[in-house]
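Engineer: Could you have a look at this structure, given as structure tokens, before my questions?
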Amino acid sequence: MAEELRIHEGCKREKYETLLPQVAALTVGEADLIANMANTSAALKQTFGFLWVGFYRVVEKELVLAPFQGPVACVRIGYGKGVCGTAWKEGRTIIVPDVERFPGHIACSSASRSEIVVPLIKEGKTIAVLDIDSERPGHFDETDKIYLEKIAALLTRA
């Protein structure tokens with residue numbers, strides 16, 4: 001089991017290592033955040049086949065749905081509400097191995113079992129969050145966190 005997990009992590013890392021320069025190439029020279037979110041969500045969905053990959057932008061006092069790939073989603077999320085609102089409030093990546101155990105989880109899809117949310121921080125302020133859901137419990141780990149934070153940094157550099 002440990003060997004299988006190590007192989008899986010190696011494959012995941014390789015996929016992220018291949019994806020990072022692709023996202024950089026897609027976003028370099030493009031200042032429009034919405035366009036960059038659209039291409040990034042498509043690239044992540046295509047590479048990993050996650051249930052849902054997308055963004056929520058900070059608009060005044062709530063998160064508003066932005067480009068995504070997957071089933072229909074919640075349109076607005078309040079500050080500090082659910083996993084996305086909590087990541088925004090705390091300004092940090094949140095990994096939820098089992099969404100059923102996250103207090104106040106907002107269930108946009110009943111198929112979602114685990115989630116990771118990464119804030120996009122520019123000049124010390126969260127401007128959006130990257131939200132990814134999986135049908136598999138415990139899907140996300142430190143490898144996802146490291147690479148998704150690098151992808152978030154690419155998006156906020158423009």
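In the structure tokens, each chain is lettered A, B, ... as it comes, each chain's residues begin at 1, and ligands are numbered from 1 in order of appearance.
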Listing only residues of stretch 28-138 of chain A within 9 Å of stretch 8-24 of chain A, what is the closest atom pair and its distance in Å (to one decimal) for each, using only C-alpha atoms, sorted by chain and residue number ascending, as a Markdown table?

Structural biologist:
| residue | atom | partner | partner_atom | distance |
| --- | --- | --- | --- | --- |
| A:Val28 | CA | A:Ala24 | CA | 5.7 |
| A:Asn36 | CA | A:Val23 | CA | 8.6 |
| A:Asn39 | CA | A:Val23 | CA | 7.9 |
| A:Thr40 | CA | A:Val23 | CA | 6.3 |
| A:Ala43 | CA | A:Val23 | CA | 7.5 |
| A:Leu44 | CA | A:Leu19 | CA | 7.9 |
| A:Thr47 | CA | A:Lys15 | CA | 7.2 |
| A:Phe48 | CA | A:Lys15 | CA | 8.1 |

Engineer: List the neighbours of stretch 70-87 of chain A out to 9 Å using only C-alpha atoms; skip same-chain residues closer than 5 positions along the sequence, and give me the result as a count of residues only.

Structural biologist: 34

Engineer: Per DSSP on the backbone, filter stretch 12-158 of chain A down to the residues in helix (DSSP H, G or I) and report them as a compact mmCIF listing (two decimals) with N, CA, C and O atoms, in the first residue's frame.

Structural biologist:
# COMPACT_ATOMS: atom_id res chain seq x y z
N LYS A 12 1.33 12.02 -9.84
CA LYS A 12 0.66 13.30 -9.61
C LYS A 12 1.66 14.44 -9.74
O LYS A 12 1.41 15.43 -10.42
N ARG A 13 2.81 14.28 -9.11
CA ARG A 13 3.85 15.30 -9.16
C ARG A 13 4.30 15.54 -10.61
O ARG A 13 4.45 16.68 -11.05
N GLU A 14 4.47 14.45 -11.36
CA GLU A 14 4.87 14.57 -12.77
C GLU A 14 3.82 15.34 -13.58
O GLU A 14 4.16 16.17 -14.42
N LYS A 15 2.55 15.06 -13.32
CA LYS A 15 1.48 15.78 -14.03
C LYS A 15 1.54 17.27 -13.71
O LYS A 15 1.40 18.11 -14.61
N TYR A 16 1.73 17.60 -12.43
CA TYR A 16 1.83 19.02 -12.07
C TYR A 16 3.06 19.66 -12.69
O TYR A 16 3.00 20.79 -13.16
N GLU A 17 4.18 18.95 -12.69
CA GLU A 17 5.42 19.48 -13.28
C GLU A 17 5.26 19.74 -14.77
O GLU A 17 5.84 20.68 -15.30
N THR A 18 4.46 18.93 -15.45
CA THR A 18 4.17 19.13 -16.86
C THR A 18 3.18 20.28 -17.05
O THR A 18 3.29 21.07 -17.99
N LEU A 19 2.22 20.38 -16.14
CA LEU A 19 1.16 21.38 -16.24
C LEU A 19 1.65 22.79 -15.95
O LEU A 19 1.20 23.75 -16.59
N LEU A 20 2.54 22.96 -14.99
CA LEU A 20 3.00 24.30 -14.60
C LEU A 20 3.49 25.14 -15.78
O LEU A 20 3.03 26.28 -15.94
N PRO A 21 4.41 24.64 -16.61
CA PRO A 21 4.85 25.46 -17.73
C PRO A 21 3.73 25.71 -18.75
O PRO A 21 3.72 26.74 -19.42
N GLN A 22 2.79 24.78 -18.85
CA GLN A 22 1.65 24.99 -19.76
C GLN A 22 0.79 26.16 -19.28
O GLN A 22 0.39 27.01 -20.06
N VAL A 23 0.50 26.18 -17.96
CA VAL A 23 -0.30 27.28 -17.41
C VAL A 23 0.47 28.59 -17.54
O VAL A 23 -0.10 29.63 -17.89
N ALA A 24 1.78 28.54 -17.29
CA ALA A 24 2.59 29.75 -17.46
C ALA A 24 2.51 30.27 -18.89
O ALA A 24 2.32 31.46 -19.12
N ALA A 25 2.60 29.36 -19.86
CA ALA A 25 2.53 29.76 -21.27
C ALA A 25 1.15 30.31 -21.63
O ALA A 25 1.04 31.26 -22.41
N LEU A 26 0.12 29.73 -21.06
CA LEU A 26 -1.25 30.18 -21.34
C LEU A 26 -1.53 31.56 -20.76
O LEU A 26 -2.34 32.31 -21.30
N THR A 27 -0.88 31.89 -19.66
CA THR A 27 -1.21 33.12 -18.94
C THR A 27 -0.22 34.25 -19.14
O THR A 27 -0.56 35.40 -18.90
N LEU A 33 -7.73 38.44 -15.95
CA LEU A 33 -7.81 37.37 -14.98
C LEU A 33 -8.88 36.34 -15.34
O LEU A 33 -8.66 35.13 -15.19
N ILE A 34 -10.01 36.78 -15.87
CA ILE A 34 -11.10 35.86 -16.24
C ILE A 34 -10.62 34.90 -17.33
O ILE A 34 -10.86 33.69 -17.27
N ALA A 35 -9.95 35.43 -18.35
CA ALA A 35 -9.43 34.57 -19.41
C ALA A 35 -8.44 33.56 -18.86
O ALA A 35 -8.47 32.37 -19.21
N ASN A 36 -7.57 34.00 -17.96
CA ASN A 36 -6.59 33.10 -17.36
C ASN A 36 -7.25 32.05 -16.47
O ASN A 36 -6.83 30.90 -16.45
N MET A 37 -8.30 32.43 -15.77
CA MET A 37 -9.04 31.47 -14.96
C MET A 37 -9.69 30.41 -15.85
O MET A 37 -9.70 29.23 -15.52
N ALA A 38 -10.24 30.85 -16.97
CA ALA A 38 -10.91 29.92 -17.88
C ALA A 38 -9.93 28.87 -18.41
O ALA A 38 -10.21 27.66 -18.35
N ASN A 39 -8.80 29.31 -18.90
CA ASN A 39 -7.81 28.35 -19.42
C ASN A 39 -7.23 27.47 -18.33
O ASN A 39 -7.00 26.28 -18.54
N THR A 40 -7.01 28.04 -17.16
CA THR A 40 -6.43 27.25 -16.06
C THR A 40 -7.40 26.19 -15.57
O THR A 40 -7.01 25.04 -15.34
N SER A 41 -8.68 26.54 -15.43
CA SER A 41 -9.65 25.53 -14.98
C SER A 41 -9.77 24.41 -16.02
O SER A 41 -9.85 23.23 -15.66
N ALA A 42 -9.75 24.76 -17.30
CA ALA A 42 -9.81 23.74 -18.35
C ALA A 42 -8.57 22.84 -18.32
O ALA A 42 -8.68 21.62 -18.44
N ALA A 43 -7.39 23.43 -18.14
CA ALA A 43 -6.15 22.65 -18.11
C ALA A 43 -6.12 21.70 -16.91
O ALA A 43 -5.72 20.54 -17.05
N LEU A 44 -6.56 22.16 -15.76
CA LEU A 44 -6.60 21.30 -14.57
C LEU A 44 -7.61 20.16 -14.74
O LEU A 44 -7.32 19.01 -14.41
N LYS A 45 -8.77 20.48 -15.26
CA LYS A 45 -9.81 19.46 -15.48
C LYS A 45 -9.33 18.41 -16.48
O LYS A 45 -9.49 17.21 -16.27
N GLN A 46 -8.71 18.87 -17.56
CA GLN A 46 -8.24 17.96 -18.59
C GLN A 46 -7.10 17.08 -18.08
O GLN A 46 -7.03 15.90 -18.39
N THR A 47 -6.22 17.65 -17.29
CA THR A 47 -5.06 16.91 -16.78
C THR A 47 -5.44 15.89 -15.73
O THR A 47 -4.95 14.76 -15.74
N PHE A 48 -6.31 16.27 -14.79
CA PHE A 48 -6.59 15.42 -13.64
C PHE A 48 -7.98 14.79 -13.63
O PHE A 48 -8.23 13.86 -12.87
N GLY A 82 -18.72 28.08 4.18
CA GLY A 82 -18.24 26.92 3.44
C GLY A 82 -16.72 26.90 3.37
O GLY A 82 -16.03 27.69 4.02
N VAL A 83 -16.19 26.01 2.55
CA VAL A 83 -14.74 25.87 2.43
C VAL A 83 -14.17 27.09 1.68
O VAL A 83 -13.15 27.66 2.10
N CYS A 84 -14.83 27.51 0.61
CA CYS A 84 -14.34 28.65 -0.16
C CYS A 84 -14.32 29.93 0.66
O CYS A 84 -13.32 30.66 0.67
N GLY A 85 -15.42 30.22 1.33
CA GLY A 85 -15.48 31.43 2.15
C GLY A 85 -14.51 31.41 3.31
O GLY A 85 -13.98 32.45 3.72
N THR A 86 -14.25 30.22 3.84
CA THR A 86 -13.29 30.09 4.94
C THR A 86 -11.86 30.32 4.44
O THR A 86 -11.07 31.01 5.09
N ALA A 87 -11.53 29.76 3.27
CA ALA A 87 -10.20 29.99 2.69
C ALA A 87 -9.99 31.47 2.41
O ALA A 87 -8.89 32.00 2.62
N TRP A 88 -11.03 32.14 1.94
CA TRP A 88 -10.96 33.59 1.70
C TRP A 88 -10.72 34.32 3.02
O TRP A 88 -9.81 35.14 3.13
N LYS A 89 -11.51 34.01 4.01
CA LYS A 89 -11.41 34.68 5.31
C LYS A 89 -10.04 34.47 5.96
O LYS A 89 -9.44 35.40 6.49
N GLU A 90 -9.54 33.22 5.90
CA GLU A 90 -8.28 32.90 6.56
C GLU A 90 -7.05 33.16 5.68
O GLU A 90 -5.93 33.13 6.17
N VAL A 99 -15.82 16.12 2.93
CA VAL A 99 -16.66 17.31 3.00
C VAL A 99 -17.82 17.17 3.98
O VAL A 99 -18.31 18.16 4.52
N GLU A 100 -18.23 15.94 4.24
CA GLU A 100 -19.33 15.71 5.19
C GLU A 100 -18.94 16.12 6.61
O GLU A 100 -19.80 16.37 7.44
N ARG A 101 -17.64 16.17 6.88
CA ARG A 101 -17.15 16.50 8.21
C ARG A 101 -16.72 17.96 8.36
O ARG A 101 -16.20 18.34 9.40
N GLU A 142 -0.64 17.34 0.40
CA GLU A 142 0.38 18.39 0.37
C GLU A 142 0.93 18.62 -1.04
O GLU A 142 1.24 19.76 -1.40
N THR A 143 1.02 17.59 -1.85
CA THR A 143 1.49 17.75 -3.23
C THR A 143 0.54 18.66 -4.00
O THR A 143 0.99 19.60 -4.68
N ASP A 144 -0.75 18.43 -3.87
CA ASP A 144 -1.74 19.29 -4.53
C ASP A 144 -1.59 20.72 -4.03
O ASP A 144 -1.59 21.67 -4.82
N LYS A 145 -1.48 20.88 -2.73
CA LYS A 145 -1.37 22.21 -2.12
C LYS A 145 -0.18 22.96 -2.70
O LYS A 145 -0.31 24.12 -3.14
N ILE A 146 0.98 22.33 -2.73
CA ILE A 146 2.20 22.98 -3.22
C ILE A 146 2.04 23.44 -4.66
O ILE A 146 2.31 24.60 -5.00
N TYR A 147 1.58 22.55 -5.52
CA TYR A 147 1.49 22.89 -6.94
C TYR A 147 0.33 23.82 -7.26
O TYR A 147 0.46 24.71 -8.12
N LEU A 148 -0.79 23.66 -6.59
CA LEU A 148 -1.92 24.56 -6.85
C LEU A 148 -1.60 25.97 -6.35
O LEU A 148 -2.05 26.95 -6.95
N GLU A 149 -0.83 26.09 -5.29
CA GLU A 149 -0.40 27.41 -4.84
C GLU A 149 0.54 28.05 -5.86
O GLU A 149 0.50 29.26 -6.08
N LYS A 150 1.36 27.24 -6.52
CA LYS A 150 2.22 27.76 -7.59
C LYS A 150 1.38 28.24 -8.78
O LYS A 150 1.66 29.28 -9.37
N ILE A 151 0.34 27.49 -9.10
CA ILE A 151 -0.56 27.89 -10.18
C ILE A 151 -1.29 29.18 -9.81
O ILE A 151 -1.41 30.09 -10.63
N ALA A 152 -1.74 29.28 -8.57
CA ALA A 152 -2.41 30.51 -8.10
C ALA A 152 -1.46 31.70 -8.23
O ALA A 152 -1.88 32.79 -8.64
N ALA A 153 -0.20 31.50 -7.90
CA ALA A 153 0.79 32.58 -8.00
C ALA A 153 0.97 33.03 -9.45
O ALA A 153 1.14 34.22 -9.72
N LEU A 154 0.92 32.08 -10.39
CA LEU A 154 1.01 32.45 -11.81
C LEU A 154 -0.14 33.37 -12.22
O LEU A 154 0.04 34.31 -12.99
N LEU A 155 -1.33 33.08 -11.68
CA LEU A 155 -2.50 33.86 -12.05
C LEU A 155 -2.49 35.26 -11.45
O LEU A 155 -3.09 36.19 -12.01
N THR A 156 -1.84 35.43 -10.32
CA THR A 156 -1.86 36.74 -9.66
C THR A 156 -0.70 37.62 -10.07
O THR A 156 -0.64 38.78 -9.66

Engineer: Just list as a PyMOL selection string whatever in chain A DSSP marks as strand (DSSP E or B).

Structural biologist: chain A and resi 52-59+62-69+76-78+94-96+114-122+125-134

Engineer: To one decimal place in Å, what is the distance between atom CA of A:Thr126 and atom CA of A:Gly49?

Structural biologist: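 Those two atoms sit 26.4 Å apart.
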
Engineer: Quick check, in Å to one decimal: how far apart do atom CA of A:Lys122 and atom CA of A:His139 lie?

Structural biologist: 27.6 Å

Engineer: Separation of atom CA of A:Asp98 and atom CA of A:Gly138, in Å?

Structural biologist: 6.4 Å
